[in-house]
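Okay, target-v1.tsv is below, TSV, C-alpha atoms and all ligand atoms:
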```
chain	number	residue	atom	x	y	z
A	180	MET	CA	-45.40	-4.79	9.13
A	181	SER	CA	-45.62	-8.34	10.44
A	182	LYS	CA	-42.45	-10.38	10.89
A	183	PRO	CA	-41.09	-11.75	7.59
A	184	LYS	CA	-41.52	-15.49	7.16
A	185	VAL	CA	-38.79	-17.73	5.80
A	186	LEU	CA	-38.93	-21.44	5.12
A	187	ILE	CA	-35.73	-23.48	5.53
A	188	ILE	CA	-35.65	-26.58	3.34
A	189	TYR	CA	-32.98	-28.98	4.50
A	190	THR	CA	-31.58	-31.40	1.95
A	191	GLY	CA	-28.31	-32.42	3.66
A	192	GLY	CA	-24.67	-31.61	2.97
A	193	THR	CA	-21.72	-30.99	5.27
A	194	ILE	CA	-23.61	-28.30	7.18
A	195	GLY	CA	-25.61	-30.93	9.05
A	196	MET	CA	-23.15	-33.80	9.03
A	197	ILE	CA	-21.64	-35.62	11.97
A	198	ARG	CA	-18.73	-38.01	12.09
A	199	ASP	CA	-19.56	-41.70	11.90
A	200	GLU	CA	-17.36	-42.86	14.78
A	201	LYS	CA	-16.97	-46.39	13.41
A	202	LYS	CA	-16.03	-45.50	9.83
A	203	GLY	CA	-14.51	-42.07	10.46
A	204	THR	CA	-16.50	-40.57	7.52
A	205	LEU	CA	-18.93	-37.66	7.55
A	206	LYS	CA	-22.61	-38.56	7.19
A	207	PRO	CA	-25.77	-36.41	7.06
A	208	PHE	CA	-27.74	-35.76	10.23
A	209	ARG	CA	-31.21	-34.35	10.91
A	210	LEU	CA	-32.34	-30.74	10.86
A	211	GLU	CA	-33.12	-30.26	14.57
A	212	ARG	CA	-29.42	-30.57	15.24
A	213	VAL	CA	-28.63	-27.83	12.72
A	214	VAL	CA	-31.10	-25.39	14.21
A	215	LYS	CA	-30.21	-26.24	17.82
A	216	SER	CA	-26.57	-25.47	17.09
A	217	ILE	CA	-27.42	-21.82	16.34
A	218	PRO	CA	-29.86	-20.58	18.96
A	219	SER	CA	-29.24	-16.99	17.80
A	220	ILE	CA	-31.34	-17.57	14.67
A	221	LEU	CA	-34.32	-17.18	16.96
A	222	GLU	CA	-33.27	-13.57	17.62
A	223	LEU	CA	-33.30	-12.47	13.97
A	224	GLY	CA	-36.84	-11.11	14.05
A	225	ILE	CA	-37.87	-13.61	11.40
A	226	GLU	CA	-40.58	-16.21	11.68
A	227	ILE	CA	-38.65	-19.32	10.68
A	228	HIS	CA	-40.21	-22.61	9.72
A	229	ALA	CA	-38.24	-25.62	8.58
A	230	ILE	CA	-38.84	-28.82	6.71
A	231	GLU	CA	-36.49	-31.51	5.55
A	232	LEU	CA	-36.47	-33.94	2.66
A	233	GLU	CA	-37.39	-37.47	3.56
A	234	GLU	CA	-33.93	-38.62	2.61
A	235	ILE	CA	-31.10	-36.37	3.80
A	236	ILE	CA	-28.25	-36.62	1.32
A	237	ASP	CA	-24.69	-35.75	0.56
A	238	SER	CA	-25.20	-33.53	-2.49
A	239	SER	CA	-23.19	-35.88	-4.69
A	240	ASN	CA	-26.35	-38.01	-4.62
A	241	ILE	CA	-28.57	-35.23	-5.93
A	242	THR	CA	-30.99	-36.25	-8.70
A	243	LEU	CA	-33.42	-34.57	-11.07
A	244	LYS	CA	-36.17	-36.01	-8.91
A	245	VAL	CA	-34.92	-34.01	-5.91
A	246	TRP	CA	-34.82	-30.80	-7.98
A	247	ILE	CA	-38.42	-31.35	-9.00
A	248	GLU	CA	-39.34	-32.15	-5.39
A	249	LEU	CA	-37.71	-28.89	-4.23
A	250	ALA	CA	-39.60	-26.93	-6.90
A	251	GLY	CA	-42.82	-28.60	-5.71
A	252	ILE	CA	-42.14	-27.62	-2.07
A	253	ILE	CA	-41.58	-24.01	-3.09
A	254	GLU	CA	-44.79	-24.03	-5.10
A	255	LYS	CA	-46.71	-25.45	-2.14
A	256	TYR	CA	-45.45	-22.85	0.33
A	257	TYR	CA	-44.94	-19.96	-2.10
A	258	LYS	CA	-47.78	-17.76	-0.88
A	259	LYS	CA	-47.11	-18.35	2.84
A	260	PHE	CA	-43.45	-17.29	2.91
A	261	ASP	CA	-41.43	-14.22	1.94
A	262	GLY	CA	-38.37	-16.27	1.11
A	263	PHE	CA	-36.78	-19.71	1.09
A	264	VAL	CA	-33.39	-20.96	2.27
A	265	ILE	CA	-32.26	-24.32	0.94
A	266	LEU	CA	-29.55	-26.03	2.97
A	267	HIS	CA	-27.58	-28.10	0.51
A	268	GLY	CA	-24.15	-29.66	0.11
A	269	SER	CA	-21.73	-27.39	-1.68
A	270	ASP	CA	-20.45	-30.04	-4.12
A	271	THR	CA	-23.43	-29.84	-6.48
A	272	MET	CA	-25.03	-26.66	-5.16
A	273	ALA	CA	-24.33	-24.75	-8.38
A	274	TYR	CA	-26.13	-27.45	-10.40
A	275	SER	CA	-29.14	-27.41	-8.08
A	276	ALA	CA	-29.34	-23.61	-8.00
A	277	SER	CA	-29.14	-23.52	-11.80
A	278	ALA	CA	-31.79	-26.23	-12.16
A	279	LEU	CA	-34.17	-24.47	-9.75
A	280	SER	CA	-33.69	-21.17	-11.56
A	281	PHE	CA	-35.07	-22.78	-14.72
A	282	LEU	CA	-37.85	-24.73	-13.02
A	283	LEU	CA	-39.18	-21.63	-11.22
A	284	GLU	CA	-40.45	-19.22	-13.87
A	285	ASN	CA	-41.43	-15.62	-12.95
A	286	LEU	CA	-40.13	-16.17	-9.44
A	287	GLY	CA	-40.92	-13.17	-7.26
A	288	LYS	CA	-39.24	-14.22	-4.01
A	289	PRO	CA	-35.73	-15.21	-2.96
A	290	VAL	CA	-34.69	-18.85	-3.03
A	291	ILE	CA	-31.25	-18.92	-1.42
A	292	PHE	CA	-29.03	-21.97	-1.39
A	293	THR	CA	-26.43	-22.15	1.32
A	294	GLY	CA	-24.35	-24.74	3.13
A	295	SER	CA	-20.88	-24.90	4.60
A	296	GLN	CA	-17.46	-26.42	4.28
A	297	LEU	CA	-17.35	-27.50	7.95
A	298	PRO	CA	-20.23	-29.15	9.86
A	299	ILE	CA	-22.32	-26.84	12.00
A	300	GLY	CA	-21.29	-28.47	15.28
A	301	LEU	CA	-17.56	-27.66	14.91
A	302	PRO	CA	-16.09	-24.61	16.65
A	303	ARG	CA	-14.59	-23.11	13.46
A	304	THR	CA	-17.62	-23.80	11.30
A	305	ASP	CA	-18.62	-21.44	8.49
A	306	ALA	CA	-22.20	-22.73	8.72
A	307	ARG	CA	-23.38	-20.30	11.37
A	308	GLU	CA	-22.59	-17.14	9.41
A	309	ASN	CA	-23.78	-18.61	6.12
A	310	LEU	CA	-27.13	-19.65	7.54
A	311	ILE	CA	-27.80	-16.50	9.57
A	312	THR	CA	-27.01	-14.17	6.67
A	313	ALA	CA	-28.88	-16.29	4.12
A	314	LEU	CA	-31.93	-16.11	6.39
A	315	SER	CA	-31.54	-12.34	6.81
A	316	ILE	CA	-31.32	-11.82	3.04
A	317	ALA	CA	-34.26	-14.15	2.34
A	318	ALA	CA	-36.35	-12.09	4.78
A	319	MET	CA	-35.62	-8.70	3.20
A	320	ARG	CA	-38.62	-6.78	1.89
A	321	ASN	CA	-39.01	-3.35	0.32
A	322	GLU	CA	-41.16	-0.56	1.77
A	323	ASN	CA	-44.25	-2.05	0.06
A	324	GLY	CA	-43.70	-5.34	1.85
A	325	GLN	CA	-42.57	-7.05	-1.36
A	326	SER	CA	-39.69	-9.56	-1.31
A	327	LEU	CA	-36.53	-7.85	-2.44
A	328	ILE	CA	-34.70	-10.51	-4.44
A	329	PRO	CA	-36.72	-12.34	-7.11
A	330	GLU	CA	-34.04	-14.89	-7.90
A	331	VAL	CA	-32.49	-18.24	-7.12
A	332	CYS	CA	-29.17	-17.41	-5.44
A	333	ILE	CA	-26.24	-18.96	-3.64
A	334	TYR	CA	-25.00	-17.34	-0.43
A	335	PHE	CA	-21.52	-18.38	0.68
A	336	GLU	CA	-18.79	-16.65	2.67
A	337	ASP	CA	-20.13	-13.05	2.65
A	338	GLN	CA	-21.32	-13.03	-0.95
A	339	LEU	CA	-24.64	-13.51	-2.65
A	340	TYR	CA	-24.43	-14.82	-6.19
A	341	ARG	CA	-26.94	-15.44	-8.97
A	342	GLY	CA	-27.21	-19.23	-8.68
A	343	ASN	CA	-27.02	-20.03	-12.36
A	344	ARG	CA	-23.82	-17.97	-12.78
A	345	THR	CA	-21.90	-19.73	-10.07
A	346	TYR	CA	-19.61	-22.73	-9.72
A	347	LYS	CA	-17.69	-24.34	-6.89
A	348	PHE	CA	-14.04	-23.56	-7.49
A	349	ASN	CA	-12.42	-24.50	-4.19
A	350	SER	CA	-12.92	-27.63	-2.12
A	351	GLU	CA	-10.99	-26.39	0.92
A	352	ASN	CA	-11.56	-22.68	1.43
A	353	PHE	CA	-14.64	-21.22	3.06
A	354	ASP	CA	-14.75	-19.01	0.00
A	355	ALA	CA	-15.78	-21.89	-2.26
A	356	PHE	CA	-17.88	-20.31	-5.02
A	357	VAL	CA	-17.24	-17.89	-7.80
A	358	SER	CA	-19.31	-16.12	-10.42
A	359	ARG	CA	-16.78	-14.99	-13.00
A	360	ASN	CA	-19.11	-13.65	-15.67
A	361	TYR	CA	-21.65	-11.82	-13.53
A	362	PRO	CA	-21.04	-9.57	-10.52
A	363	ILE	CA	-22.20	-10.53	-7.03
A	364	LEU	CA	-25.75	-9.55	-6.05
A	365	ALA	CA	-24.98	-8.65	-2.44
A	366	GLU	CA	-22.14	-8.44	0.02
A	367	ALA	CA	-22.35	-8.99	3.76
A	368	GLY	CA	-20.03	-6.85	5.84
A	369	VAL	CA	-21.02	-4.79	8.84
A	370	ARG	CA	-24.23	-4.32	6.92
A	371	ILE	CA	-25.70	-6.30	4.05
A	372	ARG	CA	-25.36	-4.35	0.84
A	373	ILE	CA	-27.70	-5.38	-1.98
A	374	PHE	CA	-26.76	-4.30	-5.51
A	375	GLU	CA	-30.33	-3.81	-6.70
A	376	GLU	CA	-29.35	-2.77	-10.24
A	377	ARG	CA	-27.84	-6.26	-10.76
A	378	LEU	CA	-30.96	-8.17	-9.77
A	379	LEU	CA	-33.47	-9.63	-12.21
A	380	THR	CA	-36.56	-7.42	-12.51
A	381	GLN	CA	-39.77	-8.58	-10.82
A	382	SER	CA	-42.04	-10.18	-13.39
A	383	ASN	CA	-45.70	-9.20	-13.63
A	384	GLU	CA	-46.58	-12.63	-14.98
A	385	ASP	CA	-47.88	-15.48	-12.84
A	386	PHE	CA	-45.38	-17.69	-11.03
A	387	ILE	CA	-45.04	-21.01	-12.89
A	388	VAL	CA	-43.40	-24.14	-11.52
A	389	HIS	CA	-42.16	-26.61	-14.12
A	390	THR	CA	-42.03	-30.25	-13.19
A	391	ALA	CA	-40.19	-31.98	-16.01
A	392	MET	CA	-36.53	-32.36	-16.83
A	393	ASN	CA	-35.04	-34.61	-19.46
A	394	PRO	CA	-31.71	-36.23	-18.52
A	395	ASN	CA	-30.65	-37.15	-22.07
A	396	VAL	CA	-27.76	-34.73	-22.09
A	397	ALA	CA	-24.07	-35.51	-22.57
A	398	VAL	CA	-20.78	-33.63	-22.49
A	399	LEU	CA	-17.95	-33.64	-24.95
A	400	LYS	CA	-14.82	-31.87	-23.81
A	401	LEU	CA	-12.28	-31.22	-26.53
A	402	PHE	CA	-8.60	-31.92	-26.09
A	403	PRO	CA	-5.81	-32.06	-28.65
A	404	GLY	CA	-5.74	-35.51	-30.23
A	405	ILE	CA	-9.33	-36.44	-29.37
A	406	THR	CA	-10.70	-39.10	-31.70
A	407	LEU	CA	-14.31	-38.33	-32.41
A	408	LYS	CA	-15.37	-40.95	-34.89
A	409	SER	CA	-17.27	-43.12	-32.44
A	410	PHE	CA	-19.10	-40.30	-30.61
A	411	PRO	CA	-22.11	-39.75	-32.90
A	412	LYS	CA	-23.02	-43.45	-32.78
A	413	LEU	CA	-22.37	-43.65	-29.06
A	414	PHE	CA	-24.65	-40.67	-28.38
A	415	LEU	CA	-27.35	-41.78	-30.81
A	416	ASP	CA	-27.41	-45.32	-29.44
A	417	SER	CA	-27.84	-44.03	-25.90
A	418	GLY	CA	-30.69	-41.65	-26.73
A	419	ILE	CA	-28.74	-38.42	-26.15
A	420	GLN	CA	-30.65	-35.37	-27.40
A	421	ALA	CA	-28.28	-32.54	-26.46
A	422	VAL	CA	-24.50	-32.37	-26.17
A	423	ILE	CA	-22.60	-29.70	-24.29
A	424	LEU	CA	-19.45	-29.19	-26.34
A	425	GLU	CA	-16.63	-27.71	-24.28
A	426	THR	CA	-14.40	-25.94	-26.76
A	427	TYR	CA	-11.25	-23.84	-26.54
A	428	GLY	CA	-11.07	-20.09	-25.95
A	429	SER	CA	-13.92	-18.15	-27.49
A	430	GLY	CA	-15.60	-21.30	-28.80
A	431	ASN	CA	-13.02	-22.81	-31.11
A	432	GLY	CA	-12.51	-26.39	-32.23
A	433	PRO	CA	-10.38	-28.19	-34.80
A	434	THR	CA	-11.18	-27.65	-38.45
A	435	CYS	CA	-10.27	-31.20	-39.51
A	436	ASP	CA	-12.87	-33.26	-41.36
A	437	ASN	CA	-12.90	-35.93	-38.68
A	438	PHE	CA	-14.22	-33.46	-36.09
A	439	LEU	CA	-16.56	-31.49	-38.33
A	440	SER	CA	-18.16	-34.56	-39.85
A	441	ALA	CA	-18.83	-35.96	-36.35
A	442	VAL	CA	-20.55	-32.68	-35.44
A	443	GLU	CA	-22.48	-32.70	-38.70
A	444	GLU	CA	-23.64	-36.27	-38.17
A	445	MET	CA	-24.96	-35.46	-34.69
A	446	ILE	CA	-26.82	-32.36	-35.89
A	447	TYR	CA	-28.21	-34.25	-38.87
A	448	ASN	CA	-29.65	-36.74	-36.39
A	449	ASP	CA	-31.35	-33.94	-34.38
A	450	ILE	CA	-28.86	-33.87	-31.54
A	451	ILE	CA	-28.55	-30.27	-30.32
A	452	ILE	CA	-24.99	-29.12	-29.72
A	453	ILE	CA	-24.31	-26.22	-27.35
A	454	ASN	CA	-20.89	-24.65	-27.47
A	455	ILE	CA	-19.40	-23.44	-24.18
A	456	THR	CA	-15.82	-22.54	-23.41
A	457	GLN	CA	-13.31	-24.41	-21.29
A	458	CYS	CA	-12.10	-21.00	-20.03
A	459	GLN	CA	-13.35	-19.99	-16.62
A	460	GLU	CA	-14.07	-16.44	-17.69
A	461	GLY	CA	-15.22	-14.89	-20.96
A	462	LYS	CA	-17.57	-16.25	-23.57
A	463	VAL	CA	-18.12	-18.14	-26.77
A	464	GLU	CA	-18.30	-15.88	-29.81
A	465	MET	CA	-18.89	-18.15	-32.75
A	466	GLY	CA	-17.62	-16.76	-36.03
A	467	LYS	CA	-14.80	-14.75	-34.45
A	468	TYR	CA	-12.26	-17.26	-35.73
A	469	GLU	CA	-12.41	-19.65	-38.67
A	470	THR	CA	-12.25	-22.48	-36.10
A	471	SER	CA	-15.68	-21.59	-34.72
A	472	GLU	CA	-17.28	-20.23	-37.88
A	473	LYS	CA	-17.48	-23.78	-39.22
A	474	LEU	CA	-19.35	-24.92	-36.12
A	475	LEU	CA	-21.78	-22.03	-36.51
A	476	LYS	CA	-22.44	-22.98	-40.12
A	477	LEU	CA	-23.17	-26.56	-39.12
A	478	GLY	CA	-25.83	-25.39	-36.64
A	479	VAL	CA	-23.99	-25.53	-33.31
A	480	ILE	CA	-25.62	-23.18	-30.77
A	481	GLY	CA	-23.39	-20.61	-29.07
A	482	GLY	CA	-23.68	-20.86	-25.29
A	483	ALA	CA	-22.11	-17.41	-24.74
A	484	ASP	CA	-20.88	-17.23	-21.12
A	485	LEU	CA	-22.96	-20.06	-19.65
A	486	THR	CA	-21.31	-21.99	-16.83
A	487	PHE	CA	-21.05	-25.72	-17.35
A	488	GLU	CA	-23.61	-26.28	-14.57
A	489	SER	CA	-26.03	-23.89	-16.19
A	490	ALA	CA	-25.57	-25.35	-19.66
A	491	ILE	CA	-26.32	-28.88	-18.42
A	492	THR	CA	-29.41	-27.94	-16.41
A	493	LYS	CA	-30.75	-25.53	-19.03
A	494	ALA	CA	-30.51	-28.29	-21.64
A	495	MET	CA	-32.31	-30.72	-19.29
A	496	PHE	CA	-34.99	-28.12	-18.66
A	497	VAL	CA	-35.54	-27.19	-22.31
A	498	LEU	CA	-35.60	-30.85	-23.43
A	499	GLY	CA	-38.17	-31.51	-20.70
A	500	LEU	CA	-40.31	-28.57	-21.78
A	501	THR	CA	-40.84	-29.34	-25.45
A	502	ASP	CA	-40.20	-32.07	-28.02
A	503	ASN	CA	-40.13	-29.59	-30.85
A	504	LEU	CA	-36.57	-29.28	-32.15
A	505	ASN	CA	-36.95	-25.73	-33.39
A	506	GLU	CA	-38.50	-24.53	-30.11
A	507	ARG	CA	-35.71	-26.23	-28.19
A	508	ARG	CA	-33.07	-24.51	-30.29
A	509	GLN	CA	-34.70	-21.09	-29.95
A	510	MET	CA	-34.93	-21.39	-26.16
A	511	LEU	CA	-31.32	-22.48	-25.86
A	512	LYS	CA	-30.13	-19.51	-27.87
A	513	LYS	CA	-31.50	-16.87	-25.52
A	514	PRO	CA	-31.20	-16.09	-21.81
A	515	LEU	CA	-34.17	-17.44	-19.84
A	516	ARG	CA	-33.26	-16.50	-16.24
A	517	GLY	CA	-30.30	-14.17	-16.49
A	518	GLU	CA	-27.97	-17.15	-16.96
A	519	MET	CA	-26.08	-15.73	-19.92
A	520	THR	CA	-25.12	-12.46	-21.56
A	521	LEU	CA	-25.19	-12.54	-25.35
B	601	LIG	N1	-19.91	-33.60	0.17
B	601	LIG	C1	-20.63	-32.47	0.73
B	601	LIG	C2	-21.90	-32.27	-0.09
B	601	LIG	O1	-21.86	-31.67	-1.12
B	601	LIG	C3	-19.79	-31.26	0.72
B	601	LIG	C4	-20.45	-30.02	1.28
B	601	LIG	O2	-21.54	-30.03	1.78
B	601	LIG	O3	-19.83	-28.97	1.23
B	601	LIG	O4	-22.95	-32.74	0.32
```
Could you write out this file's structure as structure tokens?
Amino acid sequence: MSKPKVLIIYTGGTIGMIRDEKKGTLKPFRLERVVKSIPSILELGIEIHAIELEEIIDSSNITLKVWIELAGIIEKYYKKFDGFVILHGSDTMAYSASALSFLLENLGKPVIFTGSQLPIGLPRTDARENLITALSIAAMRNENGQSLIPEVCIYFEDQLYRGNRTYKFNSENFDAFVSRNYPILAEAGVRIRIFEERLLTQSNEDFIVHTAMNPNVAVLKLFPGITLKSFPKLFLDSGIQAVILETYGSGNGPTCDNFLSAVEEMIYNDIIIINITQCQEGKVEMGKYETSEKLLKLGVIGGADLTFESAITKAMFVLGLTDNLNERRQMLKKPLRGEMTL
């Protein structure tokens, strides 16, 4: 078999940052520096090519436009490469990985996001291991020469996660990501162990790249004492079409008229409401308690165990895909890319 080919797409993030001596802050630097800092990547037995976005960013500046640009790059190079590694800041990596998972339908090759908590040039950096192992995983093929992992993933600190199940939970540790409702897809120790039974199955359908996302999504996080009266008007006036409602426990909210009539007013005006939990583990089960049964009756959609990042990007994707309210609701109720377990 010929050498596997992997494309690195560099977007920015701490991994490639250097210190601005005047201001003392970290700012993004160019890709050559990243690759030069790890000469051993040339010994991996992988044909590596690299491109970078025109504007290298701290991931706090990520936009929907960049997600669509990344999807377009993968479409352009899809046939030529066995896998893709996206170097990205960790702050919004879980949003980007979730967004890409929806934009890339019937993906048959690995798209692995990685980055680091310390810049690549520092002696104690975590970037070297993250990049080398992400490249090794992206290059893996089965005995038929087919790419092994048909998913958008995040690789960080020895673990490979399904991207749309992950969130950043720690801003200081190298171990910065967690996937509480779905097990890891692979673990890197002395050898890299892939848990094949946890992966999405290869689709026989053609690979489709979607190029539209609709940003008219808002979030409403419940807290005791919240006054909701003004929300429906606020959302309607600003053109919001879907609201992620962060409820308590297994999807519960107050049963007072003030709250329920605000929800009713939004739904009556065709705003879709998706119920996710404020808990970091577990899922929304609407109808389990009286406090969620009312929401179900009003037409709130249960988001099961969606992460916040996944709920936001799935809503943006579905709103971008169709204007039909019923189609939108049906798509939001079911898993599209392994992002939720009903
Ligand atoms: N602020 C950085 C970013 O997300 C942090 C990181 O890369 O880890 O771009």
For ligand LIG 601 (chain B), the closest of A:Pro183, A:Gly195, A:Gly224, A:Gly478 counting only C-alpha atoms and all ligand atoms is A:Gly195
Counting all atoms listed in the file, which residues sit no farther than 12 Å from the position (-13.8, -26.3, -3.0) in the file's frame? I'd like them as a ChimeraX atom specification. /A:268-273,295-297,335,346-357
When you look at Lys288 of chain A with a cut-off of 9 Å (counting only C-alpha atoms), what residues show up, excluding the ones that are within fewer than 5 positions of it in the same chain? I need them as a PDB file with C-alpha atoms, in the frame of the given file.
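See result.pdb below for the written result:
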```pdb
ATOM      1  CA  TYR A 257     -44.940 -19.960  -2.100  1.00  0.00           C
ATOM      2  CA  PHE A 260     -43.450 -17.290   2.910  1.00  0.00           C
ATOM      3  CA  ASP A 261     -41.430 -14.220   1.940  1.00  0.00           C
ATOM      4  CA  GLY A 262     -38.370 -16.270   1.110  1.00  0.00           C
ATOM      5  CA  PHE A 263     -36.780 -19.710   1.090  1.00  0.00           C
ATOM      6  CA  ALA A 317     -34.260 -14.150   2.340  1.00  0.00           C
ATOM      7  CA  GLN A 325     -42.570  -7.050  -1.360  1.00  0.00           C
ATOM      8  CA  SER A 326     -39.690  -9.560  -1.310  1.00  0.00           C
ATOM      9  CA  LEU A 327     -36.530  -7.850  -2.440  1.00  0.00           C
ATOM     10  CA  ILE A 328     -34.700 -10.510  -4.440  1.00  0.00           C
ATOM     11  CA  PRO A 329     -36.720 -12.340  -7.110  1.00  0.00           C
ATOM     12  CA  GLU A 330     -34.040 -14.890  -7.900  1.00  0.00           C
ATOM     13  CA  VAL A 331     -32.490 -18.240  -7.120  1.00  0.00           C
ATOM     14  CA  GLN A 381     -39.770  -8.580 -10.820  1.00  0.00           C
TER      15      GLN A 381
END
```
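Of the residues under consideration (A:Glu384, A:Glu231, A:Glu226, A:Asp305), A:Asp305 shows the shortest atom-to-atom contact distance to ligand LIG 601 (chain B) when counting only C-alpha atoms and all ligand atoms.
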What box, with edges along x, y and z, holds each listed atom of segment 486-497 of chain A when 4 Å is added on every side, and can you state its centre and edge lengths in Å to one decimal, as JSON?
```
{"center_x": -28.3, "center_y": -26.4, "center_z": -18.4, "size_x": 22.5, "size_y": 16.7, "size_z": 15.7}
```
Between A:Leu221, A:Leu266, A:Ala229, A:Leu500, smallest distance to Thr390 of chain A by all atoms listed in the file belongs to A:Leu500
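Nearest to ligand LIG 601 (chain B) of all the residues A:Leu243, A:Ile299, A:Ile291, A:Ile217 is A:Ile299, counting all atoms listed in the file.
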Residue neighbourhood Asn431 of chain A, 9 Å, all atoms listed in the file, exclusion window fewer than 4 positions, as number ranges by chain: A: 426-427, 454, 456, 463-465, 467-472, 474
Atoms kept (C-alpha atoms) for selection, written as an mmCIF file, in the frame of the given file:
```cif
data_model
loop_
_atom_site.group_PDB
_atom_site.id
_atom_site.type_symbol
_atom_site.label_atom_id
_atom_site.label_comp_id
_atom_site.auth_asym_id
_atom_site.auth_seq_id
_atom_site.Cartn_x
_atom_site.Cartn_y
_atom_site.Cartn_z
ATOM 1 C CA THR A 426 -14.400 -25.940 -26.760
ATOM 2 C CA TYR A 427 -11.250 -23.840 -26.540
ATOM 3 C CA ASN A 454 -20.890 -24.650 -27.470
ATOM 4 C CA THR A 456 -15.820 -22.540 -23.410
ATOM 5 C CA VAL A 463 -18.120 -18.140 -26.770
ATOM 6 C CA GLU A 464 -18.300 -15.880 -29.810
ATOM 7 C CA MET A 465 -18.890 -18.150 -32.750
ATOM 8 C CA LYS A 467 -14.800 -14.750 -34.450
ATOM 9 C CA TYR A 468 -12.260 -17.260 -35.730
ATOM 10 C CA GLU A 469 -12.410 -19.650 -38.670
ATOM 11 C CA THR A 470 -12.250 -22.480 -36.100
ATOM 12 C CA SER A 471 -15.680 -21.590 -34.720
ATOM 13 C CA GLU A 472 -17.280 -20.230 -37.880
ATOM 14 C CA LEU A 474 -19.350 -24.920 -36.120
#
```
Calculate how many Å separate atom CA of Leu286 of chain A from atom CA of Phe386 of chain A, rounding to one decimal.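 Interatomic distance here is 5.7 Å.
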